[in-house]
Amino acid sequence: MHLAFENAPPPAPLATPVPPTPFTLTAGKDDTGLFKDARATFSHLLPGRPVLGLPPKQGEAPADVIVHLQDAPITVRYSFSPPAFSVPGAAEAARLTAESYSGWRSQSKAHVEFANPTWLAAWGVEAAAVATYDVAGGELREDLFVLARQGYVLTVAWTYPRGFVDDPAYAIFASVAEATMIWDPQRWEQRGRVWPESELWGAGLFARAKAKHSEAARKVSAAIIPADERAHLLALLSSIVSGAGAPWVPLSAEVIDGNRRSLLTAARSTVVQAFLESAFVDVRTAHDLRGLAVMLGRALDGQVAGVTSSAPPPPPAPPVLRA
């Protein structure tokens with residue numbers, strides 16, 4: 001039996017009128033799509049050419065609706081309801097729902113954390129709990145977000161192959177998807193552009209380097225660079241890729257200069273130094289900084305600049321959309 005939060009008002013009425021099929025997915029700019037659930041006035045701006053999928057089969061993870069990405073091996077599941085048990089408030093509703101969901105999916109006790117106030121304000125919720133875990137019985141990994149607001153919980157989980165977490169495309173997807181969950185009727189009509197204009201990097205999860213810096217990257221790829229220098233640089237670049245933030249975020253001069261000095265300190269090879277000095281002139285946003293890191297990382301790995309470190313998956317069969 002579904003119960004509302006104890007010592008709290010009953011769940012607020014759902015947005016009215018709710019259409020017979022409350023889920024929509026509208027193509028946006030570049031490779032993005034805006035998923036909306038009219039029941040909760042919730043929206044999620046996703047990169048990677050998302051498409052609505054079929055409902056889950058018996059035994060699969062529960063979901064009201066499923067979204068697949070055509071450009072990456074990622075599936076996103078959404079569920080919305082009152083909490084399935086009596087709880088004293090939103091925080092406990094989020095925590096217990098996250099523990100129950102992650103425990104069932106992982107067949108173990110996953111580590112669940114509360115989201116900080118900054119994320120709560122960004123998502124428009126009273127409380128939220130998050131967890132990451134390996135899915136039992138296969139080679140999948142899952143990121144779970146349980147959001148709580150006005151007597152309801154909304155579960156968002158995306159699943160991907162375990163090894164994909166090391167691909168830059170995963171870090172790019174996560175930086176967007178974590179920032180664009182909006183459960184707020186005043187803000188759910190998201191119209192912003194995910195990928196800012198860049199002199200370094202194109203749009204999309206598997207973007208290509210712009211021609212302006214490709215020649216310098218090719219010189220790095222062809223250079224003989226000591227193994228210790230290469231390893232140090234790759235570790236720094238990996239940290240930048242995973243932590244650069246949402247693509248559209250403008251970076252302060254201090255952040256840009258700090259990353260520049262950190263990489264130049266690790267770079268003893270003049271060819272790498274020349275690439276960094278030239279490329280950092282065009283860094284303005286998190287998208288630029290991450291693009292620089294991916295471009296240099298591929299060059300250090302001996303790959304041709306502009307070629308992806310991993311190829312996008314083949315296009316899926318044409319999806320069957322809900323009416």
# chains A, B, ... in the order shown; residues from 1 in each chain; ligands from 1
>>> residues_around(residues="Gly291 in chain A", least_positions_apart="6", cutoff="8 Å", atoms="only C-alpha atoms", output="PyMOL selection string")
chain A and resi 200-201+209
>>> closest_atom_pairs(of="range 184-298 of chain A", to="range 62-76 of chain A", cutoff="10 Å", atoms="only C-alpha atoms", output="tab-separated table")
residue	atom	partner	partner_atom	distance
A:Gly204	CA	A:Asp71	CA	8.7
A:Leu205	CA	A:Asp71	CA	7.3
A:Phe206	CA	A:Asp71	CA	7.8
>>> write_last_selection(atoms="N, CA and C atoms", output="PDB file, in the first residue's frame")
ATOM      1  N   GLY A 204      28.009  17.012 -29.141  1.00  0.00           N
ATOM      2  CA  GLY A 204      27.649  15.607 -29.055  1.00  0.00           C
ATOM      3  C   GLY A 204      28.528  14.798 -28.130  1.00  0.00           C
ATOM      4  N   LEU A 205      28.024  13.611 -27.774  1.00  0.00           N
ATOM      5  CA  LEU A 205      28.772  12.727 -26.879  1.00  0.00           C
ATOM      6  C   LEU A 205      30.065  12.227 -27.509  1.00  0.00           C
ATOM      7  N   PHE A 206      30.055  12.018 -28.801  1.00  0.00           N
ATOM      8  CA  PHE A 206      31.246  11.553 -29.519  1.00  0.00           C
ATOM      9  C   PHE A 206      31.691  12.642 -30.492  1.00  0.00           C
TER      10      PHE A 206
END
>>> residues_around(residues="Val220 in chain A", least_positions_apart="3", cutoff="8 Å", atoms="only C-alpha atoms", output="VMD selection string")
chain A and resid 216 to 217 223 271 to 272 275 296 299 to 300
>>> closest_residue(among="A:Gln150, A:Gln186, A:Gln107, A:Thr97", to="Thr41 in chain A", atoms="only C-alpha atoms")
A:Gln186
>>> residues_around(residues="range 123-133 of chain A", least_positions_apart="2", cutoff="7 Å", atoms="only C-alpha atoms", output="list in words")
Ala90, Ala91, Ala94, Arg95, Ala98, Ser106, Ala110, His111, Val112, Glu113, Phe114, Ala115, Trp119, Leu120, Ala121, Val135, Arg141, Glu142, Asp143, Leu144, Phe145, Val146, Leu147, Ala148, Arg149, Met181, Ile182, Trp183 and Asp184 of chain A
>>> residues_around(residues="Pro250 in chain A", least_positions_apart="6", cutoff="9 Å", atoms="only C-alpha atoms", output="PyMOL selection string")
chain A and resi 284-287
>>> select_by_dssp(residues="range 159-264 of chain A", states="strand (DSSP E)", output="PyMOL selection string")
chain A and resi 159-161+181-183
>>> select_by_dssp(residues="range 127-235 of chain A", states="helix (DSSP H, G or I)", output="MDAnalysis selection string")
chainID A and resid 162:166 168:177 211:222 227:235
>>> closest_atom_pairs(of="range 71-171 of chain A", to="range 231-242 of chain A", cutoff="10 Å", atoms="only C-alpha atoms", output="JSON lines")
{"residue": "A:Val165", "atom": "CA", "partner": "A:Ser242", "partner_atom": "CA", "distance": 9.7}
{"residue": "A:Asp166", "atom": "CA", "partner": "A:Ser238", "partner_atom": "CA", "distance": 8.8}
{"residue": "A:Asp167", "atom": "CA", "partner": "A:Val241", "partner_atom": "CA", "distance": 9.4}
{"residue": "A:Pro168", "atom": "CA", "partner": "A:Val241", "partner_atom": "CA", "distance": 6.5}
{"residue": "A:Ala169", "atom": "CA", "partner": "A:Val241", "partner_atom": "CA", "distance": 9.3}
{"residue": "A:Tyr170", "atom": "CA", "partner": "A:Ser242", "partner_atom": "CA", "distance": 8.7}
{"residue": "A:Ala171", "atom": "CA", "partner": "A:Ser242", "partner_atom": "CA", "distance": 5.2}
>>> residues_around(residues="Leu140 in chain A", least_positions_apart="3", cutoff="9 Å", atoms="only C-alpha atoms", output="PyMOL selection string")
chain A and resi 133-137+159-163
>>> residues_around(residues="range 30-35 of chain A", least_positions_apart="3", cutoff="12 Å", atoms="only C-alpha atoms", output="NGL selection string")
:A and (22-27 or 38 or 41-52 or 65-72 or 76-78 or 156 or 173 or 176-177 or 180-183 or 188-197 or 202-207)
>>> write_last_selection(atoms="N, CA and C atoms", output="short mmCIF file (atom, residue, chain, number, x, y, z; two decimals), in the first residue's frame")
data_model
loop_
_atom_site.label_atom_id
_atom_site.label_comp_id
_atom_site.auth_asym_id
_atom_site.auth_seq_id
_atom_site.Cartn_x
_atom_site.Cartn_y
_atom_site.Cartn_z
N PRO A 22 1.22 10.60 -20.47
CA PRO A 22 1.86 11.79 -19.91
C PRO A 22 3.31 11.98 -20.31
N PHE A 23 3.88 11.00 -21.03
CA PHE A 23 5.30 11.06 -21.36
C PHE A 23 5.50 11.58 -22.78
N THR A 24 6.37 12.55 -22.91
CA THR A 24 6.74 13.05 -24.23
C THR A 24 8.25 13.16 -24.32
N LEU A 25 8.76 13.05 -25.53
CA LEU A 25 10.19 13.22 -25.79
C LEU A 25 10.31 14.04 -27.07
N THR A 26 10.79 15.26 -26.93
CA THR A 26 10.82 16.20 -28.03
C THR A 26 12.26 16.48 -28.44
N ALA A 27 12.56 16.30 -29.70
CA ALA A 27 13.92 16.57 -30.19
C ALA A 27 14.24 18.05 -30.01
N ALA A 38 4.27 14.72 -17.51
CA ALA A 38 3.28 15.72 -17.14
C ALA A 38 2.66 15.46 -15.77
N THR A 41 5.16 17.34 -13.62
CA THR A 41 5.82 18.50 -14.24
C THR A 41 7.33 18.39 -14.07
N PHE A 42 7.83 17.23 -14.50
CA PHE A 42 9.25 16.91 -14.45
C PHE A 42 9.78 16.84 -15.87
N SER A 43 10.99 17.35 -16.08
CA SER A 43 11.62 17.22 -17.38
C SER A 43 13.09 16.87 -17.22
N HIS A 44 13.64 16.30 -18.29
CA HIS A 44 15.04 15.86 -18.28
C HIS A 44 15.60 16.07 -19.68
N LEU A 45 16.61 16.92 -19.79
CA LEU A 45 17.23 17.21 -21.07
C LEU A 45 18.40 16.27 -21.28
N LEU A 46 18.29 15.40 -22.29
CA LEU A 46 19.27 14.33 -22.49
C LEU A 46 20.01 14.52 -23.80
N PRO A 47 21.34 14.31 -23.80
CA PRO A 47 22.10 14.29 -25.05
C PRO A 47 22.12 12.89 -25.63
N GLY A 48 22.66 12.74 -26.84
CA GLY A 48 22.86 11.40 -27.40
C GLY A 48 21.71 10.87 -28.22
N ARG A 49 20.85 11.74 -28.75
CA ARG A 49 19.70 11.34 -29.58
C ARG A 49 18.82 10.31 -28.87
N PRO A 50 18.15 10.73 -27.78
CA PRO A 50 17.30 9.80 -27.03
C PRO A 50 16.03 9.44 -27.78
N VAL A 51 15.53 8.22 -27.53
CA VAL A 51 14.26 7.75 -28.09
C VAL A 51 13.49 7.00 -27.01
N LEU A 52 12.16 7.08 -27.05
CA LEU A 52 11.34 6.32 -26.13
C LEU A 52 11.42 4.84 -26.47
N VAL A 65 8.42 4.47 -17.71
CA VAL A 65 8.82 4.75 -19.09
C VAL A 65 10.34 4.57 -19.19
N ILE A 66 10.78 4.16 -20.38
CA ILE A 66 12.20 3.92 -20.64
C ILE A 66 12.64 4.77 -21.82
N VAL A 67 13.85 5.32 -21.71
CA VAL A 67 14.46 6.08 -22.80
C VAL A 67 15.81 5.46 -23.13
N HIS A 68 16.08 5.24 -24.41
CA HIS A 68 17.37 4.74 -24.88
C HIS A 68 18.11 5.85 -25.62
N LEU A 69 19.42 5.85 -25.51
CA LEU A 69 20.23 6.75 -26.33
C LEU A 69 20.66 6.02 -27.59
N GLN A 70 20.55 6.67 -28.73
CA GLN A 70 21.03 6.08 -29.97
C GLN A 70 22.54 6.22 -30.13
N ASP A 71 23.14 7.21 -29.44
CA ASP A 71 24.56 7.48 -29.63
C ASP A 71 25.45 6.92 -28.54
N ALA A 72 24.90 6.24 -27.56
CA ALA A 72 25.70 5.65 -26.48
C ALA A 72 24.91 4.49 -25.87
N VAL A 76 17.79 4.89 -19.78
CA VAL A 76 17.31 5.66 -18.64
C VAL A 76 15.90 5.22 -18.30
N ARG A 77 15.64 4.96 -17.00
CA ARG A 77 14.33 4.52 -16.54
C ARG A 77 13.76 5.54 -15.56
N TYR A 78 12.45 5.77 -15.67
CA TYR A 78 11.76 6.75 -14.81
C TYR A 78 10.57 6.08 -14.14
N VAL A 156 14.97 8.05 -11.03
CA VAL A 156 15.66 8.14 -12.32
C VAL A 156 16.91 7.28 -12.23
N PHE A 173 28.01 12.57 -20.85
CA PHE A 173 26.60 12.31 -20.62
C PHE A 173 26.22 12.62 -19.17
N VAL A 176 25.82 16.25 -18.17
CA VAL A 176 24.58 16.86 -18.66
C VAL A 176 23.38 16.31 -17.90
N ALA A 177 23.28 14.98 -17.83
CA ALA A 177 22.08 14.35 -17.26
C ALA A 177 21.90 14.66 -15.78
N THR A 180 20.30 18.36 -15.46
CA THR A 180 19.09 18.78 -16.18
C THR A 180 17.84 18.04 -15.72
N MET A 181 17.86 17.42 -14.56
CA MET A 181 16.64 16.86 -13.98
C MET A 181 15.91 18.01 -13.28
N ILE A 182 14.77 18.42 -13.80
CA ILE A 182 14.04 19.56 -13.27
C ILE A 182 12.63 19.14 -12.87
N TRP A 183 12.35 19.14 -11.57
CA TRP A 183 11.02 18.82 -11.06
C TRP A 183 10.43 20.12 -10.48
N TRP A 188 10.31 23.69 -15.93
CA TRP A 188 10.46 22.42 -16.64
C TRP A 188 10.48 22.58 -18.16
N GLU A 189 10.15 23.75 -18.68
CA GLU A 189 10.25 23.99 -20.12
C GLU A 189 11.69 24.39 -20.46
N GLN A 190 12.58 23.42 -20.46
CA GLN A 190 14.00 23.70 -20.66
C GLN A 190 14.27 24.00 -22.14
N ARG A 191 14.84 25.15 -22.40
CA ARG A 191 15.08 25.57 -23.77
C ARG A 191 16.54 25.91 -24.04
N GLY A 192 17.39 25.70 -23.06
CA GLY A 192 18.80 26.04 -23.23
C GLY A 192 19.51 25.09 -24.17
N ARG A 193 20.68 25.50 -24.63
CA ARG A 193 21.49 24.67 -25.51
C ARG A 193 22.58 23.99 -24.69
N VAL A 194 22.71 22.69 -24.85
CA VAL A 194 23.71 21.93 -24.10
C VAL A 194 25.12 22.26 -24.56
N TRP A 195 25.32 22.30 -25.87
CA TRP A 195 26.68 22.43 -26.41
C TRP A 195 26.95 23.86 -26.85
N PRO A 196 27.81 24.59 -26.15
CA PRO A 196 28.13 25.96 -26.57
C PRO A 196 29.04 25.95 -27.79
N GLU A 197 29.07 27.06 -28.50
CA GLU A 197 30.00 27.19 -29.61
C GLU A 197 31.43 27.06 -29.10
N GLY A 202 33.46 19.89 -31.27
CA GLY A 202 32.12 19.88 -31.81
C GLY A 202 31.08 19.51 -30.76
N ALA A 203 29.83 19.37 -31.20
CA ALA A 203 28.73 19.02 -30.30
C ALA A 203 28.55 17.51 -30.26
N GLY A 204 28.01 17.01 -29.14
CA GLY A 204 27.65 15.61 -29.05
C GLY A 204 28.53 14.80 -28.13
N LEU A 205 28.02 13.61 -27.77
CA LEU A 205 28.77 12.73 -26.88
C LEU A 205 30.07 12.23 -27.51
N PHE A 206 30.05 12.02 -28.80
CA PHE A 206 31.25 11.55 -29.52
C PHE A 206 31.69 12.64 -30.49
N ALA A 207 31.96 13.82 -29.94
CA ALA A 207 32.31 14.98 -30.76
C ALA A 207 33.68 14.81 -31.40
#
>>> closest_residue(among="A:Lys36, A:Arg268, A:His213, A:Arg230", to="Pro185 in chain A", atoms="only C-alpha atoms")
A:Lys36
